[in-house]
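**Q** Sending over a structure as structure tokens; questions will come in a sec.
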Amino acid sequence: MTLPSQPHPDSPDALMTVRPASGYAGDVSPQLAWAWVQSGEAELVDVRTDAERAWVGFVPGAHALAWKQWPGMVMNPGFDDGVQALGLGGKKLVLLCRSGVRSIAAAQRATALGLQAYNVLEGFEGDPDGQAHRGCTGGWRYRGLPWQQS
């Protein structure tokens, strides 16, 4: 039996494809998330802390709605109400964090609330490289998508 071949993760086909996930609508590349936002299909929700957005950078026009709050990384008690307000009308939500991990939990919660939520793979900064530096191997910034720094 021959299995169908999968496109390389950085191929144009793979970058514009939703990857199946458990407990939420799926994983999307930063490029697909941005295409959806630009077309009006989706709202970009940055679930990082206020400190991360201020110190590391942010996506202009993204909705700032922390999943956990600094300091202490405690759950944001306003997350449910905030994400429900952003998902009114059935618009897709694409959730972005630092590396694409916290946004999975946030997407699962948004889905449990009845919303169509996706995780943005690689996050804003991507995984650390061999020298423990982020932003060198993947992520929103690495992909050349719009961002600013305070």
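Naming works like this for the structure tokens: A, B, ... for the chains as they're shown, residue 1 at the start of each chain, ligands 1 onward in shown order.
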Using DSSP on the backbone coordinates, identify all residues within range 2-150 of chain A classified as alpha helix (DSSP H); present the result as JSON, numbers by chain.
**A** {"A": [12, 13, 14, 15, 30, 31, 32, 33, 34, 35, 36, 37, 38, 39, 50, 51, 52, 53, 54, 55, 56, 79, 80, 81, 82, 83, 84, 85, 86, 102, 103, 104, 105, 106, 107, 108, 109, 110, 111, 112]}
**Q** Extract, using only C-alpha atoms, all DNA, RNA and protein residues at most 12 Å from Asp80 in chain A, discarding same-chain residues fewer than 4 positions from it, and format them as a list in words.
**A**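 The filter keeps Val47, Leu65, Ala66, Trp67, Lys68, Met75, Asn76, Gln84, Ala85, Leu86, Gly87, Ala106, Ala107, Gln108, Arg109, Ala110, Thr111, Ala112, Leu113, Gly114 and Leu115 of chain A.
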**Q** Could you save the residues just selected, with N, CA, C and O atoms, as a compact mmCIF listing (two decimals), in the first residue's frame?
**A**
```txt
# COMPACT_ATOMS: atom_id res chain seq x y z
N VAL A 47 -2.72 36.19 21.77
CA VAL A 47 -2.99 35.73 23.14
C VAL A 47 -1.78 35.84 24.06
O VAL A 47 -1.80 35.35 25.18
N LEU A 65 -5.61 39.91 23.41
CA LEU A 65 -6.44 39.22 24.39
C LEU A 65 -5.61 38.11 25.02
O LEU A 65 -5.53 37.00 24.51
N ALA A 66 -4.94 38.45 26.11
CA ALA A 66 -4.04 37.50 26.76
C ALA A 66 -4.77 36.24 27.20
O ALA A 66 -5.87 36.31 27.75
N TRP A 67 -4.16 35.10 26.96
CA TRP A 67 -4.65 33.81 27.48
C TRP A 67 -4.28 33.72 28.95
O TRP A 67 -5.11 33.37 29.78
N LYS A 68 -3.05 34.05 29.26
CA LYS A 68 -2.58 34.10 30.65
C LYS A 68 -1.96 35.48 30.86
O LYS A 68 -1.49 36.11 29.93
N MET A 75 -4.49 32.52 34.52
CA MET A 75 -5.51 32.61 33.47
C MET A 75 -6.15 34.00 33.48
O MET A 75 -6.41 34.57 34.53
N ASN A 76 -6.41 34.51 32.31
CA ASN A 76 -7.08 35.79 32.15
C ASN A 76 -8.58 35.56 32.37
O ASN A 76 -9.22 34.89 31.56
N GLN A 84 -15.37 35.48 22.84
CA GLN A 84 -16.74 35.34 22.32
C GLN A 84 -17.16 36.60 21.56
O GLN A 84 -17.79 36.51 20.51
N ALA A 85 -16.78 37.75 22.07
CA ALA A 85 -17.11 39.00 21.39
C ALA A 85 -16.42 39.07 20.02
O ALA A 85 -17.02 39.52 19.04
N LEU A 86 -15.18 38.60 19.94
CA LEU A 86 -14.45 38.63 18.67
C LEU A 86 -15.01 37.63 17.65
O LEU A 86 -14.89 37.84 16.45
N GLY A 87 -15.61 36.55 18.14
CA GLY A 87 -16.13 35.52 17.25
C GLY A 87 -17.59 35.70 16.88
O GLY A 87 -18.15 34.85 16.18
N ALA A 106 -5.65 28.10 23.93
CA ALA A 106 -6.64 29.16 23.72
C ALA A 106 -7.62 28.77 22.61
O ALA A 106 -8.82 29.03 22.72
N ALA A 107 -7.12 28.15 21.54
CA ALA A 107 -8.00 27.70 20.45
C ALA A 107 -8.94 26.60 20.92
O ALA A 107 -10.11 26.57 20.54
N GLN A 108 -8.43 25.70 21.76
CA GLN A 108 -9.30 24.65 22.31
C GLN A 108 -10.41 25.26 23.17
O GLN A 108 -11.56 24.84 23.09
N ARG A 109 -10.07 26.27 23.97
CA ARG A 109 -11.08 26.92 24.82
C ARG A 109 -12.09 27.66 23.95
O ARG A 109 -13.29 27.56 24.20
N ALA A 110 -11.62 28.38 22.95
CA ALA A 110 -12.54 29.10 22.07
C ALA A 110 -13.47 28.13 21.36
O ALA A 110 -14.67 28.40 21.22
N THR A 111 -12.95 26.99 20.94
CA THR A 111 -13.77 25.97 20.29
C THR A 111 -14.82 25.43 21.26
O THR A 111 -15.98 25.24 20.89
N ALA A 112 -14.42 25.19 22.50
CA ALA A 112 -15.37 24.72 23.52
C ALA A 112 -16.49 25.74 23.75
O ALA A 112 -17.60 25.37 24.14
N LEU A 113 -16.20 27.01 23.47
CA LEU A 113 -17.21 28.06 23.60
C LEU A 113 -18.06 28.20 22.34
O LEU A 113 -18.90 29.09 22.24
N GLY A 114 -17.82 27.33 21.35
CA GLY A 114 -18.63 27.31 20.14
C GLY A 114 -18.09 28.15 18.99
O GLY A 114 -18.82 28.41 18.04
N LEU A 115 -16.83 28.53 19.06
CA LEU A 115 -16.23 29.37 18.03
C LEU A 115 -15.37 28.56 17.07
O LEU A 115 -14.94 27.46 17.40
```
**Q** Among range 38-100 of chain A, which residues does DSSP mark as strand (DSSP E or B) when it is run on the backbone? Keep the chain and numbering as in the structure and answer as a PyMOL selection string.
**A** chain A and resi 42-46+58+63-64+68-69+74-75+92-96
**Q** Check the smallest atom-to-atom distance from each of A:Leu88, A:Cys97, A:Ile104, A:Leu15 to Val56 in chain A using only C-alpha atoms, then report the winner.
**A**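 That would be A:Cys97, the residue with the smallest distance to Val56 in chain A.
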**Q** Quick one: residues within 12 Å of Val37 in chain A, only C-alpha atoms counted, chain neighbours fewer than 5 positions away excluded, as a JSON list (two decimals) with all heavy atoms, in the first residue's frame?
**A**
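Okay, this is what ended up in around_18.json:
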```
[["chain", "number", "residue", "atom", "x", "y", "z"],
["A", 30, "PRO", "N", 1.52, 30.97, 9.45],
["A", 30, "PRO", "CA", 1.37, 32.42, 9.58],
["A", 30, "PRO", "C", 0.89, 33.06, 8.27],
["A", 30, "PRO", "O", 0.06, 33.97, 8.28],
["A", 30, "PRO", "CB", 2.77, 32.90, 9.95],
["A", 30, "PRO", "CG", 3.43, 31.73, 10.60],
["A", 30, "PRO", "CD", 2.86, 30.52, 9.88],
["A", 31, "GLN", "N", 1.35, 32.53, 7.14],
["A", 31, "GLN", "CA", 0.97, 33.08, 5.85],
["A", 31, "GLN", "C", -0.52, 32.91, 5.58],
["A", 31, "GLN", "O", -1.17, 33.84, 5.07],
["A", 31, "GLN", "CB", 1.79, 32.43, 4.72],
["A", 31, "GLN", "CG", 3.27, 32.71, 4.81],
["A", 31, "GLN", "CD", 4.06, 31.67, 5.61],
["A", 31, "GLN", "OE1", 3.59, 31.11, 6.60],
["A", 31, "GLN", "NE2", 5.30, 31.43, 5.20],
["A", 32, "LEU", "N", -1.08, 31.73, 5.89],
["A", 32, "LEU", "CA", -2.51, 31.52, 5.68],
["A", 32, "LEU", "C", -3.32, 32.37, 6.64],
["A", 32, "LEU", "O", -4.33, 32.97, 6.26],
["A", 32, "LEU", "CB", -2.86, 30.04, 5.84],
["A", 32, "LEU", "CG", -4.35, 29.69, 5.65],
["A", 32, "LEU", "CD1", -4.88, 30.19, 4.31],
["A", 32, "LEU", "CD2", -4.55, 28.19, 5.80],
["A", 42, "ALA", "N", -11.11, 36.33, 8.75],
["A", 42, "ALA", "CA", -10.73, 35.96, 10.12],
["A", 42, "ALA", "C", -10.28, 37.20, 10.89],
["A", 42, "ALA", "O", -9.90, 38.21, 10.31],
["A", 42, "ALA", "CB", -9.59, 34.94, 10.09],
["A", 43, "GLU", "N", -10.32, 37.04, 12.20],
["A", 43, "GLU", "CA", -9.77, 38.02, 13.12],
["A", 43, "GLU", "C", -8.52, 37.41, 13.74],
["A", 43, "GLU", "O", -8.53, 36.24, 14.15],
["A", 43, "GLU", "CB", -10.77, 38.35, 14.24],
["A", 43, "GLU", "CG", -12.04, 39.01, 13.75],
["A", 43, "GLU", "CD", -11.83, 40.43, 13.24],
["A", 43, "GLU", "OE1", -10.84, 41.07, 13.65],
["A", 43, "GLU", "OE2", -12.66, 40.88, 12.44],
["A", 44, "LEU", "N", -7.44, 38.19, 13.80],
["A", 44, "LEU", "CA", -6.20, 37.74, 14.42],
["A", 44, "LEU", "C", -6.24, 38.12, 15.90],
["A", 44, "LEU", "O", -6.41, 39.29, 16.23],
["A", 44, "LEU", "CB", -4.99, 38.39, 13.74],
["A", 44, "LEU", "CG", -3.63, 38.01, 14.30],
["A", 44, "LEU", "CD1", -3.36, 36.51, 14.18],
["A", 44, "LEU", "CD2", -2.54, 38.79, 13.57],
["A", 45, "VAL", "N", -6.08, 37.12, 16.76],
["A", 45, "VAL", "CA", -6.13, 37.32, 18.20],
["A", 45, "VAL", "C", -4.77, 36.96, 18.78],
["A", 45, "VAL", "O", -4.34, 35.81, 18.73],
["A", 45, "VAL", "CB", -7.23, 36.44, 18.85],
["A", 45, "VAL", "CG1", -7.34, 36.74, 20.35],
["A", 45, "VAL", "CG2", -8.58, 36.65, 18.15],
["A", 59, "VAL", "N", 1.52, 42.61, 16.11],
["A", 59, "VAL", "CA", 0.98, 42.71, 14.75],
["A", 59, "VAL", "C", -0.03, 43.85, 14.74],
["A", 59, "VAL", "O", -1.01, 43.81, 15.50],
["A", 59, "VAL", "CB", 0.30, 41.39, 14.32],
["A", 59, "VAL", "CG1", -0.28, 41.52, 12.92],
["A", 59, "VAL", "CG2", 1.27, 40.22, 14.42],
["A", 60, "PRO", "N", 0.19, 44.87, 13.93],
["A", 60, "PRO", "CA", -0.77, 45.97, 13.87],
["A", 60, "PRO", "C", -2.16, 45.46, 13.49],
["A", 60, "PRO", "O", -2.31, 44.65, 12.58],
["A", 60, "PRO", "CB", -0.22, 46.89, 12.76],
["A", 60, "PRO", "CG", 1.22, 46.51, 12.63],
["A", 60, "PRO", "CD", 1.31, 45.06, 13.01],
["A", 61, "GLY", "N", -3.16, 45.91, 14.23],
["A", 61, "GLY", "CA", -4.53, 45.51, 13.95],
["A", 61, "GLY", "C", -4.97, 44.22, 14.62],
["A", 61, "GLY", "O", -6.15, 43.90, 14.62],
["A", 62, "ALA", "N", -4.04, 43.47, 15.20],
["A", 62, "ALA", "CA", -4.42, 42.24, 15.91],
["A", 62, "ALA", "C", -5.14, 42.62, 17.20],
["A", 62, "ALA", "O", -4.89, 43.67, 17.80],
["A", 62, "ALA", "CB", -3.19, 41.39, 16.23],
["A", 63, "HIS", "N", -6.03, 41.75, 17.62],
["A", 63, "HIS", "CA", -6.74, 41.95, 18.88],
["A", 63, "HIS", "C", -5.90, 41.39, 20.01],
["A", 63, "HIS", "O", -5.56, 40.20, 20.00],
["A", 63, "HIS", "CB", -8.10, 41.25, 18.85],
["A", 63, "HIS", "CG", -8.99, 41.74, 17.76],
["A", 63, "HIS", "ND1", -9.70, 42.91, 17.84],
["A", 63, "HIS", "CD2", -9.24, 41.22, 16.52],
["A", 63, "HIS", "CE1", -10.38, 43.08, 16.72],
["A", 63, "HIS", "NE2", -10.12, 42.07, 15.91],
["A", 91, "LYS", "N", -17.19, 34.55, 12.42],
["A", 91, "LYS", "CA", -15.90, 34.78, 11.76],
["A", 91, "LYS", "C", -14.84, 33.85, 12.35],
["A", 91, "LYS", "O", -14.84, 33.56, 13.54],
["A", 91, "LYS", "CB", -15.48, 36.23, 11.95],
["A", 91, "LYS", "CG", -14.35, 36.64, 11.02],
["A", 91, "LYS", "CD", -14.06, 38.12, 11.12],
["A", 91, "LYS", "CE", -14.76, 38.84, 10.00],
["A", 91, "LYS", "NZ", -14.27, 40.23, 9.86],
["A", 92, "LYS", "N", -13.93, 33.38, 11.50],
["A", 92, "LYS", "CA", -12.81, 32.56, 11.96],
["A", 92, "LYS", "C", -11.94, 33.38, 12.90],
["A", 92, "LYS", "O", -11.76, 34.59, 12.69],
["A", 92, "LYS", "CB", -11.93, 32.12, 10.78],
["A", 92, "LYS", "CG", -12.59, 31.23, 9.78],
["A", 92, "LYS", "CD", -11.65, 30.98, 8.60],
["A", 92, "LYS", "CE", -12.35, 30.22, 7.50],
["A", 92, "LYS", "NZ", -11.52, 30.11, 6.30],
["A", 93, "LEU", "N", -11.38, 32.72, 13.89],
["A", 93, "LEU", "CA", -10.41, 33.34, 14.78],
["A", 93, "LEU", "C", -9.09, 32.61, 14.60],
["A", 93, "LEU", "O", -9.04, 31.38, 14.67],
["A", 93, "LEU", "CB", -10.87, 33.24, 16.24],
["A", 93, "LEU", "CG", -12.20, 33.90, 16.58],
["A", 93, "LEU", "CD1", -12.56, 33.65, 18.04],
["A", 93, "LEU", "CD2", -12.17, 35.39, 16.27],
["A", 94, "VAL", "N", -8.02, 33.35, 14.36],
["A", 94, "VAL", "CA", -6.69, 32.77, 14.28],
["A", 94, "VAL", "C", -5.92, 33.30, 15.49],
["A", 94, "VAL", "O", -5.79, 34.50, 15.68],
["A", 94, "VAL", "CB", -5.98, 33.06, 12.94],
["A", 94, "VAL", "CG1", -6.59, 32.22, 11.83],
["A", 94, "VAL", "CG2", -6.04, 34.52, 12.55],
["A", 95, "LEU", "N", -5.46, 32.36, 16.33],
["A", 95, "LEU", "CA", -4.85, 32.71, 17.61],
["A", 95, "LEU", "C", -3.34, 32.58, 17.53],
["A", 95, "LEU", "O", -2.82, 31.55, 17.07],
["A", 95, "LEU", "CB", -5.43, 31.85, 18.72],
["A", 95, "LEU", "CG", -6.87, 32.26, 19.10],
["A", 95, "LEU", "CD1", -7.88, 31.77, 18.09],
["A", 95, "LEU", "CD2", -7.21, 31.76, 20.47],
["A", 145, "LEU", "N", 6.00, 38.86, 7.81],
["A", 145, "LEU", "CA", 4.65, 39.41, 7.88],
["A", 145, "LEU", "C", 4.67, 40.69, 8.71],
["A", 145, "LEU", "O", 5.60, 40.95, 9.47],
["A", 145, "LEU", "CB", 3.71, 38.36, 8.46],
["A", 145, "LEU", "CG", 3.62, 37.09, 7.60],
["A", 145, "LEU", "CD1", 2.89, 35.99, 8.33],
["A", 145, "LEU", "CD2", 2.97, 37.40, 6.26],
["A", 146, "PRO", "N", 3.63, 41.53, 8.60],
["A", 146, "PRO", "CA", 3.64, 42.83, 9.27],
["A", 146, "PRO", "C", 3.76, 42.71, 10.80],
["A", 146, "PRO", "O", 3.08, 41.90, 11.42],
["A", 146, "PRO", "CB", 2.29, 43.44, 8.89],
["A", 146, "PRO", "CG", 1.85, 42.71, 7.67],
["A", 146, "PRO", "CD", 2.43, 41.34, 7.80]]
```
**Q** List the neighbours of Ser29 in chain A out to 10 Å using only C-alpha atoms; skip same-chain residues closer than 4 positions along the sequence, and give me the result as an mmCIF file with N, CA, C and O atoms, in the first residue's frame.
**A**
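Okay, part34.cif is ready:
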```cif
data_model
loop_
_atom_site.group_PDB
_atom_site.id
_atom_site.type_symbol
_atom_site.label_atom_id
_atom_site.label_comp_id
_atom_site.auth_asym_id
_atom_site.auth_seq_id
_atom_site.Cartn_x
_atom_site.Cartn_y
_atom_site.Cartn_z
ATOM 1 N N PRO A 9 6.662 20.996 4.304
ATOM 2 C CA PRO A 9 5.999 21.996 5.153
ATOM 3 C C PRO A 9 6.139 23.436 4.677
ATOM 4 O O PRO A 9 5.299 24.270 4.985
ATOM 5 N N ASP A 10 7.194 23.756 3.925
ATOM 6 C CA ASP A 10 7.381 25.121 3.438
ATOM 7 C C ASP A 10 6.951 25.310 1.989
ATOM 8 O O ASP A 10 7.147 26.383 1.421
ATOM 9 N N ALA A 14 1.479 23.548 1.164
ATOM 10 C CA ALA A 14 1.398 23.290 2.601
ATOM 11 C C ALA A 14 1.152 24.575 3.376
ATOM 12 O O ALA A 14 0.436 24.575 4.375
ATOM 13 N N LEU A 15 1.733 25.672 2.925
ATOM 14 C CA LEU A 15 1.588 26.939 3.639
ATOM 15 C C LEU A 15 0.158 27.456 3.601
ATOM 16 O O LEU A 15 -0.234 28.241 4.457
ATOM 17 N N MET A 16 -0.619 27.035 2.623
ATOM 18 C CA MET A 16 -1.985 27.534 2.483
ATOM 19 C C MET A 16 -3.018 26.453 2.774
ATOM 20 O O MET A 16 -4.151 26.521 2.316
ATOM 21 N N THR A 17 -2.632 25.454 3.566
ATOM 22 C CA THR A 17 -3.502 24.337 3.917
ATOM 23 C C THR A 17 -3.724 24.300 5.425
ATOM 24 O O THR A 17 -2.796 24.511 6.196
ATOM 25 N N VAL A 18 -4.952 24.014 5.832
ATOM 26 C CA VAL A 18 -5.253 23.826 7.255
ATOM 27 C C VAL A 18 -4.815 22.422 7.643
ATOM 28 O O VAL A 18 -5.175 21.447 6.976
ATOM 29 N N ARG A 19 -4.042 22.320 8.697
ATOM 30 C CA ARG A 19 -3.613 21.016 9.208
ATOM 31 C C ARG A 19 -4.597 20.568 10.290
ATOM 32 O O ARG A 19 -4.938 21.341 11.179
ATOM 33 N N ALA A 33 -2.882 32.451 7.899
ATOM 34 C CA ALA A 33 -3.580 33.299 8.865
ATOM 35 C C ALA A 33 -3.646 34.739 8.349
ATOM 36 O O ALA A 33 -4.706 35.378 8.381
ATOM 37 N N TRP A 34 -2.525 35.257 7.861
ATOM 38 C CA TRP A 34 -2.485 36.631 7.367
ATOM 39 C C TRP A 34 -3.376 36.802 6.134
ATOM 40 O O TRP A 34 -4.074 37.813 5.996
ATOM 41 N N ALA A 35 -3.391 35.816 5.237
ATOM 42 C CA ALA A 35 -4.260 35.885 4.053
ATOM 43 C C ALA A 35 -5.724 35.963 4.472
ATOM 44 O O ALA A 35 -6.499 36.753 3.909
ATOM 45 N N TYR A 118 -8.505 28.668 15.207
ATOM 46 C CA TYR A 118 -7.320 28.048 14.632
ATOM 47 C C TYR A 118 -6.076 28.514 15.385
ATOM 48 O O TYR A 118 -6.013 29.646 15.855
ATOM 49 N N ASN A 119 -5.095 27.650 15.448
ATOM 50 C CA ASN A 119 -3.790 27.968 16.018
ATOM 51 C C ASN A 119 -2.858 28.389 14.888
ATOM 52 O O ASN A 119 -2.790 27.733 13.857
ATOM 53 N N VAL A 120 -2.113 29.488 15.110
ATOM 54 C CA VAL A 120 -1.104 29.903 14.142
ATOM 55 C C VAL A 120 0.198 29.180 14.476
ATOM 56 O O VAL A 120 0.786 29.396 15.541
ATOM 57 N N LEU A 121 0.615 28.298 13.577
ATOM 58 C CA LEU A 121 1.853 27.553 13.759
ATOM 59 C C LEU A 121 3.039 28.498 13.888
ATOM 60 O O LEU A 121 3.046 29.573 13.281
ATOM 61 N N GLU A 122 4.020 28.099 14.649
ATOM 62 C CA GLU A 122 5.273 28.828 14.847
ATOM 63 C C GLU A 122 5.133 30.054 15.728
ATOM 64 O O GLU A 122 6.115 30.571 16.228
ATOM 65 N N GLY A 123 3.916 30.580 15.914
ATOM 66 C CA GLY A 123 3.717 31.747 16.747
ATOM 67 C C GLY A 123 4.386 32.997 16.195
ATOM 68 O O GLY A 123 4.723 33.086 15.021
ATOM 69 N N GLY A 139 8.249 31.574 12.634
ATOM 70 C CA GLY A 139 7.422 32.541 13.326
ATOM 71 C C GLY A 139 6.965 33.674 12.424
ATOM 72 O O GLY A 139 7.437 33.837 11.296
ATOM 73 N N TRP A 140 6.003 34.427 12.920
ATOM 74 C CA TRP A 140 5.390 35.531 12.191
ATOM 75 C C TRP A 140 6.442 36.506 11.664
ATOM 76 O O TRP A 140 6.461 36.850 10.491
ATOM 77 N N ARG A 143 8.798 35.115 8.974
ATOM 78 C CA ARG A 143 8.124 34.937 7.687
ATOM 79 C C ARG A 143 7.916 36.248 6.956
ATOM 80 O O ARG A 143 7.366 36.290 5.857
#
```
**Q** Considering only C-alpha atoms, can you say which of A:Gly57, A:Pro77, A:Gly89, A:Pro71 comes closest to Gln116 in chain A?
**A** A:Gly89
**Q** Distance CA of Gly23 in chain A-CA of Gly138 in chain A, one decimal place?
**A**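 So the two atoms, CA of Gly23 in chain A and CA of Gly138 in chain A, lie 24.1 Å apart.
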**Q** CA of Met73 in chain A and CA of Thr49 in chain A are how many Å apart?
**A**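 If I compute the distance from CA of Met73 in chain A to CA of Thr49 in chain A, I get 8.5 Å.
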**Q** Which residue is closest to Thr137 in chain A? Choose from A:Tyr24, A:Ser150, A:Ser39, A:Ser99 and count only C-alpha atoms.
**A**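 Result for the nearest residue to Thr137 in chain A: A:Ser99.
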**Q** Could you tell me how far CA of Leu96 in chain A sits from CA of Arg48 in chain A, in Å to one decimal place?
**A**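 These atoms are spaced 7.4 Å apart.
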**Q** Taking only C-alpha atoms into account, name the residue in A:Asp27, A:Phe79, A:Trp36, A:Arg98 that is nearest to Ala51 in chain A.
**A** A:Arg98
